[in-house]
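upload.cif follows; it contains mmCIF, C-alpha atoms and all ligand atoms.
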```cif
data_input
#
loop_
_atom_site.group_PDB
_atom_site.id
_atom_site.type_symbol
_atom_site.label_atom_id
_atom_site.label_comp_id
_atom_site.auth_asym_id
_atom_site.auth_seq_id
_atom_site.Cartn_x
_atom_site.Cartn_y
_atom_site.Cartn_z
ATOM 1 C CA MET A 63 -92.584 -26.397 41.667
ATOM 2 C CA PHE A 64 -90.802 -27.885 44.680
ATOM 3 C CA ASP A 65 -91.950 -30.999 46.466
ATOM 4 C CA PHE A 66 -90.594 -30.168 49.879
ATOM 5 C CA ALA A 67 -88.199 -28.100 51.950
ATOM 6 C CA ASN A 68 -85.480 -29.580 54.148
ATOM 7 C CA ILE A 69 -84.192 -27.915 57.283
ATOM 8 C CA LEU A 70 -80.860 -29.571 57.935
ATOM 9 C CA PHE A 71 -78.898 -29.830 61.132
ATOM 10 C CA SER A 72 -75.264 -30.577 61.658
ATOM 11 C CA GLY A 73 -73.235 -31.623 64.666
ATOM 12 C CA PRO A 74 -72.197 -34.693 66.618
ATOM 13 C CA CYS A 75 -74.503 -37.650 66.093
ATOM 14 C CA ASN A 76 -75.713 -40.311 68.489
ATOM 15 C CA ALA A 77 -74.934 -42.960 65.873
ATOM 16 C CA ARG A 78 -71.905 -43.688 63.723
ATOM 17 C CA CYS A 79 -73.204 -45.191 60.531
ATOM 18 C CA PRO A 80 -70.392 -46.185 58.160
ATOM 19 C CA PHE A 81 -72.426 -44.965 55.177
ATOM 20 C CA CYS A 82 -73.360 -41.595 56.698
ATOM 21 C CA ILE A 83 -74.023 -39.178 53.867
ATOM 22 C CA GLY A 84 -72.494 -36.427 55.962
ATOM 23 C CA GLN A 85 -69.121 -37.715 54.800
ATOM 24 C CA GLN A 86 -70.025 -36.854 51.205
ATOM 25 C CA ILE A 87 -71.187 -33.332 51.862
ATOM 26 C CA ASP A 88 -68.995 -30.322 51.373
ATOM 27 C CA PRO A 89 -67.430 -29.843 54.862
ATOM 28 C CA ALA A 90 -68.055 -26.126 54.532
ATOM 29 C CA LEU A 91 -71.791 -26.923 54.732
ATOM 30 C CA ASN A 92 -71.460 -28.887 57.977
ATOM 31 C CA GLN A 93 -71.196 -26.451 60.860
ATOM 32 C CA ASN A 94 -72.594 -27.462 64.212
ATOM 33 C CA ASN A 95 -75.935 -25.687 64.655
ATOM 34 C CA LEU A 96 -77.495 -27.958 67.263
ATOM 35 C CA HIS A 97 -77.622 -25.148 69.803
ATOM 36 C CA GLU A 98 -78.437 -22.258 67.527
ATOM 37 C CA PHE A 99 -81.882 -20.675 67.355
ATOM 38 C CA PRO A 100 -83.156 -19.845 64.910
ATOM 39 C CA PRO A 101 -81.082 -21.711 62.351
ATOM 40 C CA LYS A 102 -79.052 -19.399 60.134
ATOM 41 C CA ASN A 103 -80.973 -17.847 57.261
ATOM 42 C CA LEU A 104 -84.260 -19.368 58.415
ATOM 43 C CA ALA A 105 -86.190 -16.186 57.663
ATOM 44 C CA ALA A 106 -85.096 -16.247 54.019
ATOM 45 C CA PHE A 107 -85.880 -19.940 53.838
ATOM 46 C CA MET A 108 -89.372 -19.452 55.246
ATOM 47 C CA ALA A 109 -89.928 -16.688 52.712
ATOM 48 C CA LEU A 110 -89.020 -19.122 49.929
ATOM 49 C CA ILE A 111 -91.370 -21.730 51.358
ATOM 50 C CA GLN A 112 -94.173 -19.201 51.252
ATOM 51 C CA ALA A 113 -93.236 -17.815 47.843
ATOM 52 C CA HIS A 114 -93.137 -21.277 46.300
ATOM 53 C CA THR A 115 -96.202 -22.525 48.181
ATOM 54 C CA ILE A 116 -94.317 -25.483 49.591
ATOM 55 C CA ARG A 117 -96.507 -27.623 51.820
ATOM 56 C CA GLN A 118 -93.996 -30.223 52.989
ATOM 57 C CA ILE A 119 -91.241 -29.307 55.420
ATOM 58 C CA VAL A 120 -88.760 -31.845 56.721
ATOM 59 C CA MET A 121 -86.519 -31.596 59.743
ATOM 60 C CA SER A 122 -83.480 -33.641 58.948
ATOM 61 C CA GLY A 123 -79.731 -33.733 59.258
ATOM 62 C CA THR A 124 -76.641 -33.923 57.143
ATOM 63 C CA ASN A 125 -74.510 -35.673 59.755
ATOM 64 C CA THR A 126 -76.601 -35.645 62.916
ATOM 65 C CA ASP A 127 -80.029 -36.517 64.194
ATOM 66 C CA PRO A 128 -82.512 -33.626 64.220
ATOM 67 C CA GLN A 129 -83.878 -34.672 67.616
ATOM 68 C CA LEU A 130 -80.524 -33.635 69.058
ATOM 69 C CA TYR A 131 -81.421 -30.048 68.232
ATOM 70 C CA SER A 132 -81.784 -28.051 71.439
ATOM 71 C CA TYR A 133 -84.611 -25.860 70.185
ATOM 72 C CA GLU A 134 -86.822 -28.426 68.496
ATOM 73 C CA THR A 135 -90.004 -27.207 70.180
ATOM 74 C CA GLU A 136 -89.279 -23.566 69.463
ATOM 75 C CA LEU A 137 -88.553 -24.285 65.823
ATOM 76 C CA ILE A 138 -91.710 -26.339 65.369
ATOM 77 C CA ARG A 139 -93.731 -23.489 66.873
ATOM 78 C CA LEU A 140 -92.064 -20.942 64.612
ATOM 79 C CA ILE A 141 -92.710 -23.053 61.515
ATOM 80 C CA ARG A 142 -96.350 -23.612 62.460
ATOM 81 C CA ASP A 143 -96.773 -19.879 62.982
ATOM 82 C CA GLN A 144 -95.262 -18.988 59.630
ATOM 83 C CA THR A 145 -96.730 -21.599 57.309
ATOM 84 C CA ALA A 146 -100.107 -22.032 55.728
ATOM 85 C CA PRO A 147 -102.690 -24.319 57.336
ATOM 86 C CA GLY A 148 -102.263 -27.830 56.079
ATOM 87 C CA THR A 149 -98.499 -27.608 55.777
ATOM 88 C CA GLN A 150 -97.050 -30.961 56.768
ATOM 89 C CA LEU A 151 -94.068 -31.059 59.067
ATOM 90 C CA SER A 152 -92.023 -34.245 59.025
ATOM 91 C CA LEU A 153 -89.159 -35.551 61.104
ATOM 92 C CA HIS A 154 -86.459 -37.811 59.714
ATOM 93 C CA THR A 155 -84.732 -39.442 62.625
ATOM 94 C CA ASN A 156 -82.799 -42.462 63.736
ATOM 95 C CA GLY A 157 -85.237 -42.718 66.634
ATOM 96 C CA ARG A 158 -82.609 -42.865 69.357
ATOM 97 C CA GLN A 159 -84.073 -39.825 71.102
ATOM 98 C CA ALA A 160 -87.702 -40.606 70.341
ATOM 99 C CA LEU A 161 -88.808 -42.044 73.683
ATOM 100 C CA GLN A 162 -87.082 -39.323 75.714
ATOM 101 C CA LYS A 163 -88.606 -36.640 73.494
ATOM 102 C CA MET A 164 -91.938 -38.245 72.666
ATOM 103 C CA ALA A 165 -93.961 -35.145 73.505
ATOM 104 C CA ILE A 166 -91.992 -33.255 70.862
ATOM 105 C CA PHE A 167 -91.969 -36.229 68.514
ATOM 106 C CA ASN A 168 -95.764 -36.121 68.495
ATOM 107 C CA GLN A 169 -95.805 -32.472 67.483
ATOM 108 C CA TYR A 170 -94.795 -33.433 63.952
ATOM 109 C CA ASP A 171 -97.335 -34.588 61.412
ATOM 110 C CA ARG A 172 -95.363 -37.685 60.481
ATOM 111 C CA VAL A 173 -92.024 -39.335 61.071
ATOM 112 C CA THR A 174 -89.641 -41.355 58.963
ATOM 113 C CA LEU A 175 -87.592 -43.526 61.259
ATOM 114 C CA SER A 176 -84.348 -45.081 60.074
ATOM 115 C CA TRP A 177 -84.239 -48.701 61.074
ATOM 116 C CA PRO A 178 -81.815 -51.026 59.298
ATOM 117 C CA SER A 179 -82.446 -54.276 61.130
ATOM 118 C CA PHE A 180 -84.289 -56.064 63.913
ATOM 119 C CA ASN A 181 -81.156 -58.077 64.591
ATOM 120 C CA PRO A 182 -79.180 -56.272 67.332
ATOM 121 C CA GLU A 183 -75.829 -57.320 65.868
ATOM 122 C CA THR A 184 -76.752 -56.129 62.394
ATOM 123 C CA TYR A 185 -78.079 -52.913 63.893
ATOM 124 C CA ARG A 186 -74.798 -52.357 65.696
ATOM 125 C CA THR A 187 -72.814 -52.970 62.517
ATOM 126 C CA MET A 188 -74.918 -50.630 60.420
ATOM 127 C CA MET A 189 -75.528 -47.850 62.940
ATOM 128 C CA GLY A 190 -72.129 -48.034 64.597
ATOM 129 C CA VAL A 191 -73.712 -48.154 68.054
ATOM 130 C CA PRO A 192 -75.320 -50.888 70.179
ATOM 131 C CA HIS A 193 -78.719 -51.013 71.813
ATOM 132 C CA PRO A 194 -81.390 -50.275 69.229
ATOM 133 C CA PRO A 195 -84.198 -48.091 70.523
ATOM 134 C CA ASP A 196 -87.359 -49.914 71.535
ATOM 135 C CA LEU A 197 -89.308 -49.663 68.311
ATOM 136 C CA GLN A 198 -92.406 -51.279 69.762
ATOM 137 C CA ALA A 199 -92.445 -48.710 72.571
ATOM 138 C CA ILE A 200 -91.983 -45.874 70.078
ATOM 139 C CA LEU A 201 -94.869 -47.144 67.995
ATOM 140 C CA ASN A 202 -97.035 -47.514 71.071
ATOM 141 C CA ALA A 203 -96.302 -43.985 72.250
ATOM 142 C CA SER A 204 -96.519 -42.330 68.878
ATOM 143 C CA ALA A 205 -99.671 -40.470 67.962
ATOM 144 C CA ILE A 206 -98.562 -39.862 64.395
ATOM 145 C CA PRO A 207 -97.792 -42.073 61.379
ATOM 146 C CA ILE A 208 -94.333 -43.618 61.338
ATOM 147 C CA LYS A 209 -92.683 -44.809 58.179
ATOM 148 C CA ILE A 210 -89.669 -47.096 58.425
ATOM 149 C CA SER A 211 -86.666 -46.366 56.231
ATOM 150 C CA CYS A 212 -84.216 -49.221 55.774
ATOM 151 C CA VAL A 213 -80.973 -48.634 53.946
ATOM 152 C CA LEU A 214 -79.656 -51.770 52.278
ATOM 153 C CA THR A 215 -76.092 -52.964 52.579
ATOM 154 C CA GLY A 216 -74.415 -56.337 52.459
ATOM 155 C CA HIS A 217 -75.142 -56.672 56.167
ATOM 156 C CA ASN A 218 -78.921 -56.708 56.022
ATOM 157 C CA LEU A 219 -79.836 -57.799 52.498
ATOM 158 C CA VAL A 220 -80.376 -61.358 53.606
ATOM 159 C CA GLU A 221 -82.783 -60.162 56.282
ATOM 160 C CA ILE A 222 -85.231 -58.432 53.951
ATOM 161 C CA PRO A 223 -88.019 -61.048 54.079
ATOM 162 C CA ASP A 224 -87.869 -61.274 57.876
ATOM 163 C CA PHE A 225 -87.508 -57.516 58.132
ATOM 164 C CA LEU A 226 -90.693 -56.875 56.183
ATOM 165 C CA ALA A 227 -92.537 -59.564 58.112
ATOM 166 C CA SER A 228 -91.485 -57.951 61.402
ATOM 167 C CA CYS A 229 -92.558 -54.504 60.239
ATOM 168 C CA TYR A 230 -95.929 -55.880 59.234
ATOM 169 C CA LYS A 231 -96.402 -57.629 62.571
ATOM 170 C CA LEU A 232 -95.626 -54.401 64.389
ATOM 171 C CA GLY A 233 -98.426 -52.702 62.531
ATOM 172 C CA ILE A 234 -96.180 -50.561 60.350
ATOM 173 C CA ARG A 235 -97.836 -49.698 57.083
ATOM 174 C CA ARG A 236 -95.140 -47.861 55.183
ATOM 175 C CA VAL A 237 -91.594 -49.035 54.579
ATOM 176 C CA VAL A 238 -88.887 -47.720 52.303
ATOM 177 C CA LEU A 239 -86.057 -49.998 51.215
ATOM 178 C CA ARG A 240 -83.251 -47.732 50.113
ATOM 179 C CA LYS A 241 -80.175 -48.373 48.087
ATOM 180 C CA VAL A 242 -77.051 -46.758 49.391
ATOM 181 C CA TYR A 243 -76.269 -43.847 47.131
ATOM 182 C CA GLY A 244 -73.988 -45.106 44.399
ATOM 183 C CA ASP A 245 -75.213 -48.705 44.524
ATOM 184 C CA SER A 246 -75.919 -49.399 40.860
ATOM 185 C CA ARG A 247 -77.130 -52.952 41.289
ATOM 186 C CA SER A 248 -80.611 -53.637 40.004
ATOM 187 C CA TRP A 249 -83.437 -54.335 42.385
ATOM 188 C CA GLU A 250 -83.688 -57.807 40.895
ATOM 189 C CA ARG A 251 -80.200 -58.530 42.223
ATOM 190 C CA LEU A 252 -80.726 -56.862 45.572
ATOM 191 C CA ILE A 253 -83.966 -58.222 46.878
ATOM 192 C CA PRO A 254 -85.620 -61.645 46.758
ATOM 193 C CA SER A 255 -87.937 -62.326 43.859
ATOM 194 C CA THR A 256 -90.737 -63.033 46.316
ATOM 195 C CA ILE A 257 -90.599 -59.348 47.180
ATOM 196 C CA TYR A 258 -89.489 -57.908 43.874
ATOM 197 C CA ASN A 259 -92.229 -59.618 41.899
ATOM 198 C CA ARG A 260 -95.027 -58.130 43.918
ATOM 199 C CA LEU A 261 -97.167 -55.940 41.783
ATOM 200 C CA PRO A 262 -96.304 -52.259 42.142
ATOM 201 C CA LYS A 263 -99.266 -50.370 43.470
ATOM 202 C CA MET A 264 -97.973 -47.154 42.045
ATOM 203 C CA MET A 265 -94.875 -45.163 41.319
ATOM 204 C CA TYR A 266 -93.537 -42.368 43.398
ATOM 205 C CA ARG A 267 -90.962 -40.067 41.854
ATOM 206 C CA GLY A 268 -89.767 -42.843 39.617
ATOM 207 C CA ASN A 269 -89.640 -45.442 42.377
ATOM 208 C CA PRO A 270 -91.979 -48.457 42.531
ATOM 209 C CA VAL A 271 -94.218 -48.941 45.525
ATOM 210 C CA LEU A 272 -94.993 -52.599 46.185
ATOM 211 C CA ASP A 273 -97.852 -54.096 48.054
ATOM 212 C CA TYR A 274 -96.858 -56.338 50.951
ATOM 213 C CA GLN A 275 -100.094 -57.574 52.499
ATOM 214 C CA GLY A 276 -101.415 -54.062 52.454
ATOM 215 C CA MET A 277 -98.143 -52.525 53.632
ATOM 216 C CA GLN A 278 -96.562 -50.100 51.184
ATOM 217 C CA VAL A 279 -92.960 -50.977 50.390
ATOM 218 C CA THR A 280 -91.166 -48.381 48.300
ATOM 219 C CA LEU A 281 -87.956 -49.348 46.517
ATOM 220 C CA TRP A 282 -85.951 -46.148 46.626
ATOM 221 C CA ASP A 283 -83.045 -45.491 44.347
ATOM 222 C CA PHE A 284 -81.574 -42.011 44.460
ATOM 223 C CA ALA A 285 -80.117 -42.512 40.982
ATOM 224 C CA ALA A 286 -83.602 -42.976 39.560
ATOM 225 C CA THR A 287 -85.453 -40.443 41.629
ATOM 226 C CA GLN A 288 -87.138 -37.397 40.259
ATOM 227 C CA SER A 289 -87.700 -34.867 42.956
ATOM 228 C CA ARG A 290 -87.347 -31.214 43.740
ATOM 229 C CA SER A 291 -86.544 -29.608 47.026
ATOM 230 C CA ILE A 292 -84.974 -26.620 48.643
ATOM 231 C CA ASN A 293 -82.536 -27.268 51.452
ATOM 232 C CA LEU A 294 -81.389 -25.043 54.273
ATOM 233 C CA PHE A 295 -77.945 -26.116 55.442
ATOM 234 C CA SER A 296 -76.633 -25.433 58.909
ATOM 235 C CA THR A 297 -74.403 -22.680 57.540
ATOM 236 C CA GLY A 298 -77.395 -20.804 56.140
ATOM 237 C CA VAL A 299 -76.764 -21.887 52.555
ATOM 238 C CA ILE A 300 -79.941 -22.597 50.631
ATOM 239 C CA SER A 301 -79.614 -25.108 47.831
ATOM 240 C CA ALA A 302 -82.039 -26.483 45.299
ATOM 241 C CA ALA A 303 -79.921 -29.555 44.573
ATOM 242 C CA TYR A 304 -81.892 -32.710 45.237
ATOM 243 C CA LEU A 305 -78.802 -34.647 46.248
ATOM 244 C CA LEU A 306 -77.323 -32.955 49.278
ATOM 245 C CA SER A 307 -73.888 -34.114 48.245
ATOM 246 C CA GLU A 308 -74.236 -31.924 45.141
ATOM 247 C CA ALA A 309 -74.910 -28.765 47.112
ATOM 248 C CA LYS A 310 -72.179 -26.159 47.130
ATOM 249 C CA ARG A 311 -71.292 -23.620 49.726
ATOM 250 C CA ASP A 312 -72.385 -20.859 47.333
ATOM 251 C CA SER A 313 -75.618 -22.553 46.253
ATOM 252 C CA THR A 314 -77.732 -19.658 47.440
ATOM 253 C CA ALA A 315 -76.269 -17.431 44.746
ATOM 254 C CA THR A 316 -77.748 -19.605 42.014
ATOM 255 C CA PHE A 317 -81.056 -20.361 43.647
ATOM 256 C CA PRO A 318 -83.792 -20.005 41.043
ATOM 257 C CA ALA A 319 -86.541 -17.464 41.400
ATOM 258 C CA ARG A 320 -90.156 -18.500 41.558
ATOM 259 C CA ASN A 321 -91.683 -19.263 38.162
ATOM 260 C CA SER A 322 -88.331 -18.822 36.544
ATOM 261 C CA PRO A 323 -88.229 -20.604 33.217
ATOM 262 C CA THR A 324 -84.837 -21.914 34.242
ATOM 263 C CA ILE A 325 -86.402 -24.136 36.908
ATOM 264 C CA THR A 326 -86.709 -27.643 35.649
ATOM 265 C CA ARG A 327 -87.691 -30.854 37.261
ATOM 266 C CA HIS A 328 -84.566 -32.033 39.002
ATOM 267 C CA ARG A 329 -83.912 -35.430 37.587
ATOM 268 C CA ILE A 330 -81.063 -37.636 38.658
ATOM 269 C CA GLY A 331 -79.761 -40.386 36.450
ATOM 270 C CA GLN A 332 -81.861 -42.398 34.079
ATOM 271 C CA PRO A 333 -85.625 -42.781 34.152
ATOM 272 C CA SER A 334 -86.905 -45.654 36.200
ATOM 273 C CA PRO A 335 -88.343 -48.141 35.934
ATOM 274 C CA ARG A 336 -86.910 -49.245 32.641
ATOM 275 C CA PRO A 337 -89.480 -50.089 30.012
ATOM 276 C CA GLY A 338 -90.740 -53.537 30.758
ATOM 277 C CA SER A 339 -89.177 -53.685 34.189
ATOM 278 C CA TRP A 340 -92.507 -54.005 35.852
ATOM 279 C CA ARG A 341 -95.450 -55.957 34.742
ATOM 280 C CA THR A 342 -97.966 -53.183 35.080
ATOM 281 C CA PRO A 343 -97.020 -49.618 34.247
ATOM 282 C CA VAL A 344 -98.618 -47.223 36.648
ATOM 283 C CA PRO A 345 -98.856 -43.465 36.467
ATOM 284 C CA ASP A 346 -96.478 -41.389 38.516
ATOM 285 C CA ASP A 347 -99.114 -39.032 39.775
ATOM 286 C CA THR A 348 -100.404 -40.602 42.942
ATOM 287 C CA PRO A 349 -99.810 -38.931 46.293
ATOM 288 C CA LEU A 350 -97.590 -41.135 48.380
ATOM 289 C CA PRO A 351 -95.476 -41.167 51.472
ATOM 290 C CA ARG A 352 -92.291 -39.436 50.554
ATOM 291 C CA ARG A 353 -88.809 -40.552 51.268
ATOM 292 C CA LEU A 354 -87.096 -37.249 51.420
ATOM 293 C CA PRO A 355 -83.394 -36.838 51.044
ATOM 294 C CA GLY A 356 -81.815 -35.278 54.023
ATOM 295 C CA HIS A 357 -81.470 -37.540 56.956
ATOM 296 C CA CYS A 358 -78.571 -39.632 56.004
ATOM 297 C CA VAL A 359 -79.860 -42.953 57.213
HETATM 298 S S1 LIG B 401 -76.451 -41.697 58.919
HETATM 299 FE FE1 LIG B 401 -77.761 -40.438 60.267
HETATM 300 S S2 LIG B 401 -77.839 -41.559 62.206
HETATM 301 FE FE2 LIG B 401 -76.115 -42.388 60.993
HETATM 302 S S3 LIG B 401 -74.299 -41.233 61.684
HETATM 303 FE FE3 LIG B 401 -75.125 -40.165 59.891
HETATM 304 S S4 LIG B 401 -76.528 -38.634 60.738
HETATM 305 FE FE4 LIG B 401 -76.131 -40.103 62.371
#
```

Can you give me the file's structure in the form of structure tokens?
Ligand code: SF4
Amino acid sequence: MFDFANILFSGPCNARCPFCIGQQIDPALNQNNLHEFPPKNLAAFMALIQAHTIRQIVMSGTNTDPQLYSYETELIRLIRDQTAPGTQLSLHTNGRQALQKMAIFNQYDRVTLSWPSFNPETYRTMMGVPHPPDLQAILNASAIPIKISCVLTGHNLVEIPDFLASCYKLGIRRVVLRKVYGDSRSWERLIPSTIYNRLPKMMYRGNPVLDYQGMQVTLWDFAATQSRSINLFSTGVISAAYLLSEAKRDSTATFPARNSPTITRHRIGQPSPRPGSWRTPVPDDTPLPRRLPGHCV
């Protein structure tokens, strides 16, 4: 019924991305909980995870990085204790704390790391801070799969071919190229045809997954994405809105009950791809790495 569950943190961030989704979220949902254990309403949230048999849990943030949370280890332990075997725990991070907290980093099952550019100047422009973390060192120290998430703006569009080549050389095998929420331009206009015309291997939640020399490259458009999640905000609000910016401070009051006939697949915008957009239609039923909404990068 739900694809995943997001545990969201709020507080000061160690980056200052101009496009931070935290700016679009109801301010009443952004209360600093970086030093609060357990997060508010976690018990109710864990009960929902169990009741709905959710097997994907994501630690993320609305306006901060989840590795800034003071009780990361304790929370991981609690989640492991209270979830069924096989439940996957993911971290969505900007990676700026990864090397200092690598022992904790490796306690997750997988990580999505936000990385907009290999060019230090572009990185500074897009993340609002200098000195990118040492991605090679993170990859070397990591014992778990890392997926790279690259949000696309006018600053890094021109770098896409080099960006993908660099990811491939580093041994990365999963990349997500993400439109900024609200960017209605087509993929044909955004990315070079040499990338766009690669045959989609499959679809994931309405988004094509391209093959780049064996590396999966997902083209992620929130406006076309079909996905379902429950989200625990720092205030304790639990929302079932896929887009965090659509969550309301009273979302918990309307949260659907398990097996309720009122639960429908949460679908945003128009179906994608458009008929004929891709040369080979592929079924949208293949398990894939998931770009989960939550971490704003
Ligand atoms: S987008 Fe993420 S990393 Fe950037 S400022 Fe917002 S929370 Fe921090």

Neighbour list for region 172-185 of chain A as a PyMOL selection string, cut-off 10 Å, only C-alpha atoms, skip fewer than 3 positions in-chain:
chain A and resi 79+120-122+150-158+160+167-169+188-195+197+204-215+217-219+221-222+224-226+228-229+236-240+351-354+357-359

What's the separation between CA of Ser301 (chain A) and CA of Met265 (chain A), in Å to one decimal place?
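Going from CA of Ser301 (chain A) over to CA of Met265 (chain A), I get 26.0 Å.
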
In Å, how far is it from atom S3 of ligand LIG 401 (chain B) to CA of Trp249 (chain A)?
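CA of Trp249 (chain A) lies at a distance of 25.1 Å from atom S3 of ligand LIG 401 (chain B).
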
A:Gln159, A:Arg117, A:Ile138, A:Tyr133: which is nearest ligand LIG 401 (chain B), counting all atoms listed in the file?
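Under the stated criterion, the closest residue is A:Gln159.
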
Proximity to ligand LIG 401 (chain B) - best of A:Lys263, A:Arg186, A:Arg290, A:His114, only C-alpha atoms and all ligand atoms:
A:Arg186

With all atoms of ligand LIG 401 (chain B) from the file as input, state the centre and edge lengths in Å to one decimal of the axis-aligned box that has 4 Å extra on each side, as JSON.
```
{"center_x": -76.1, "center_y": -40.5, "center_z": 60.6, "size_x": 11.5, "size_y": 11.8, "size_z": 11.5}
```

Could you spell out the hits of the PyMOL selection byres (((chain A and resi 280) around 6) and not hetatm) on the shown file, as number ranges by chain?
A: 238, 270-271, 279, 281-282

Next, dump the selected residues to file, keeping only C-alpha atoms, as an mmCIF file, in the coordinates of the input.
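Result file again.cif:
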```cif
data_model
loop_
_atom_site.group_PDB
_atom_site.id
_atom_site.type_symbol
_atom_site.label_atom_id
_atom_site.label_comp_id
_atom_site.auth_asym_id
_atom_site.auth_seq_id
_atom_site.Cartn_x
_atom_site.Cartn_y
_atom_site.Cartn_z
ATOM 1 C CA VAL A 238 -88.887 -47.720 52.303
ATOM 2 C CA PRO A 270 -91.979 -48.457 42.531
ATOM 3 C CA VAL A 271 -94.218 -48.941 45.525
ATOM 4 C CA VAL A 279 -92.960 -50.977 50.390
ATOM 5 C CA LEU A 281 -87.956 -49.348 46.517
ATOM 6 C CA TRP A 282 -85.951 -46.148 46.626
#
```

In Å, with one decimal, what is the gap from CA of Gly73 (chain A) to CA of Ile200 (chain A)?
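Separating CA of Gly73 (chain A) from CA of Ile200 (chain A) is a distance of 24.2 Å.
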
Of the residues A:Tyr243, A:Tyr170, A:Tyr131, A:Phe64, which is the one nearest to Cys82 (chain A), using all atoms listed in the file?
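Ranked by minimum distance to Cys82 (chain A), first place goes to A:Tyr243.
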
Which residues are close to Asn95 (chain A), i.e. within 6 Å by only C-alpha atoms, leaving aside same-chain residues fewer than 2 positions away? Reply as a list in words.
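Using only C-alpha atoms, the neighbours found are Ser72, His97, Glu98 and Ser296 of chain A.
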
Taking the file as shown, find all residues satisfying the PyMOL selection byres (((chain A and resi 295) around 8) and not hetatm) and write them as a PDB file with C-alpha atoms, in the frame of the given file.
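Contents of the output file part_17.pdb:
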```
ATOM      1  CA  ILE A  69     -84.192 -27.915  57.283  1.00  0.00           C
ATOM      2  CA  LEU A  70     -80.860 -29.571  57.935  1.00  0.00           C
ATOM      3  CA  PHE A  71     -78.898 -29.830  61.132  1.00  0.00           C
ATOM      4  CA  LEU A  91     -71.791 -26.923  54.732  1.00  0.00           C
ATOM      5  CA  ASN A  92     -71.460 -28.887  57.977  1.00  0.00           C
ATOM      6  CA  ASN A 293     -82.536 -27.268  51.452  1.00  0.00           C
ATOM      7  CA  LEU A 294     -81.389 -25.043  54.273  1.00  0.00           C
ATOM      8  CA  SER A 296     -76.633 -25.433  58.909  1.00  0.00           C
ATOM      9  CA  THR A 297     -74.403 -22.680  57.540  1.00  0.00           C
ATOM     10  CA  GLY A 298     -77.395 -20.804  56.140  1.00  0.00           C
ATOM     11  CA  VAL A 299     -76.764 -21.887  52.555  1.00  0.00           C
ATOM     12  CA  ILE A 300     -79.941 -22.597  50.631  1.00  0.00           C
ATOM     13  CA  SER A 301     -79.614 -25.108  47.831  1.00  0.00           C
TER      14      SER A 301
END
```

Using all atoms listed in the file: which of A:Ala109, A:Ala227, A:Leu161, A:Ile166 has the shortest distance to Thr145 (chain A)
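Closest to Thr145 (chain A) of all the choices is A:Ala109.
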
Shortest interatomic distance to ligand LIG 401 (chain B) - which of A:Gln275, A:Ser132, A:Thr187, A:Thr115, counting only C-alpha atoms and all ligand atoms:
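Closest candidate: A:Thr187.
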
Can you list, as a VMD selection string, the residues that the PyMOL selection byres (((chain A and resi 257) around 10) and not hetatm) selects here?
chain A and resid 222 to 223 226 249 to 250 253 to 256 258 to 261 272 to 274 279

Residue with smallest distance to ligand LIG 401 (chain B) - pool A:Val242, A:Ala105, A:Ala203, A:Met164, counting all atoms listed in the file
A:Val242

Would you fill the gaps in region 129-140 of chain A so it has N, CA and C atoms, then print it as a short mmCIF file (atom, residue, chain, number, x, y, z; two decimals), keeping the file's coordinate frame?
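So selection.cif came out as:
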```cif
data_model
loop_
_atom_site.label_atom_id
_atom_site.label_comp_id
_atom_site.auth_asym_id
_atom_site.auth_seq_id
_atom_site.Cartn_x
_atom_site.Cartn_y
_atom_site.Cartn_z
N GLN A 129 -83.34 -34.72 66.24
CA GLN A 129 -83.88 -34.67 67.62
C GLN A 129 -82.79 -34.32 68.63
N LEU A 130 -81.57 -34.14 68.18
CA LEU A 130 -80.52 -33.64 69.06
C LEU A 130 -80.52 -32.11 69.09
N TYR A 131 -81.35 -31.51 68.28
CA TYR A 131 -81.42 -30.05 68.23
C TYR A 131 -82.02 -29.52 69.54
N SER A 132 -81.38 -28.54 70.12
CA SER A 132 -81.78 -28.05 71.44
C SER A 132 -83.09 -27.28 71.41
N TYR A 133 -83.44 -26.74 70.25
CA TYR A 133 -84.61 -25.86 70.18
C TYR A 133 -85.70 -26.45 69.27
N GLU A 134 -85.86 -27.75 69.38
CA GLU A 134 -86.82 -28.43 68.50
C GLU A 134 -88.23 -27.86 68.68
N THR A 135 -88.65 -27.72 69.92
CA THR A 135 -90.00 -27.21 70.18
C THR A 135 -90.18 -25.79 69.64
N GLU A 136 -89.19 -24.96 69.91
CA GLU A 136 -89.28 -23.57 69.46
C GLU A 136 -89.34 -23.49 67.94
N LEU A 137 -88.57 -24.33 67.29
CA LEU A 137 -88.55 -24.28 65.82
C LEU A 137 -89.88 -24.80 65.25
N ILE A 138 -90.40 -25.84 65.84
CA ILE A 138 -91.71 -26.34 65.37
C ILE A 138 -92.76 -25.24 65.50
N ARG A 139 -92.75 -24.56 66.65
CA ARG A 139 -93.73 -23.49 66.87
C ARG A 139 -93.57 -22.38 65.83
N LEU A 140 -92.33 -22.01 65.59
CA LEU A 140 -92.06 -20.94 64.61
C LEU A 140 -92.57 -21.36 63.23
#
```
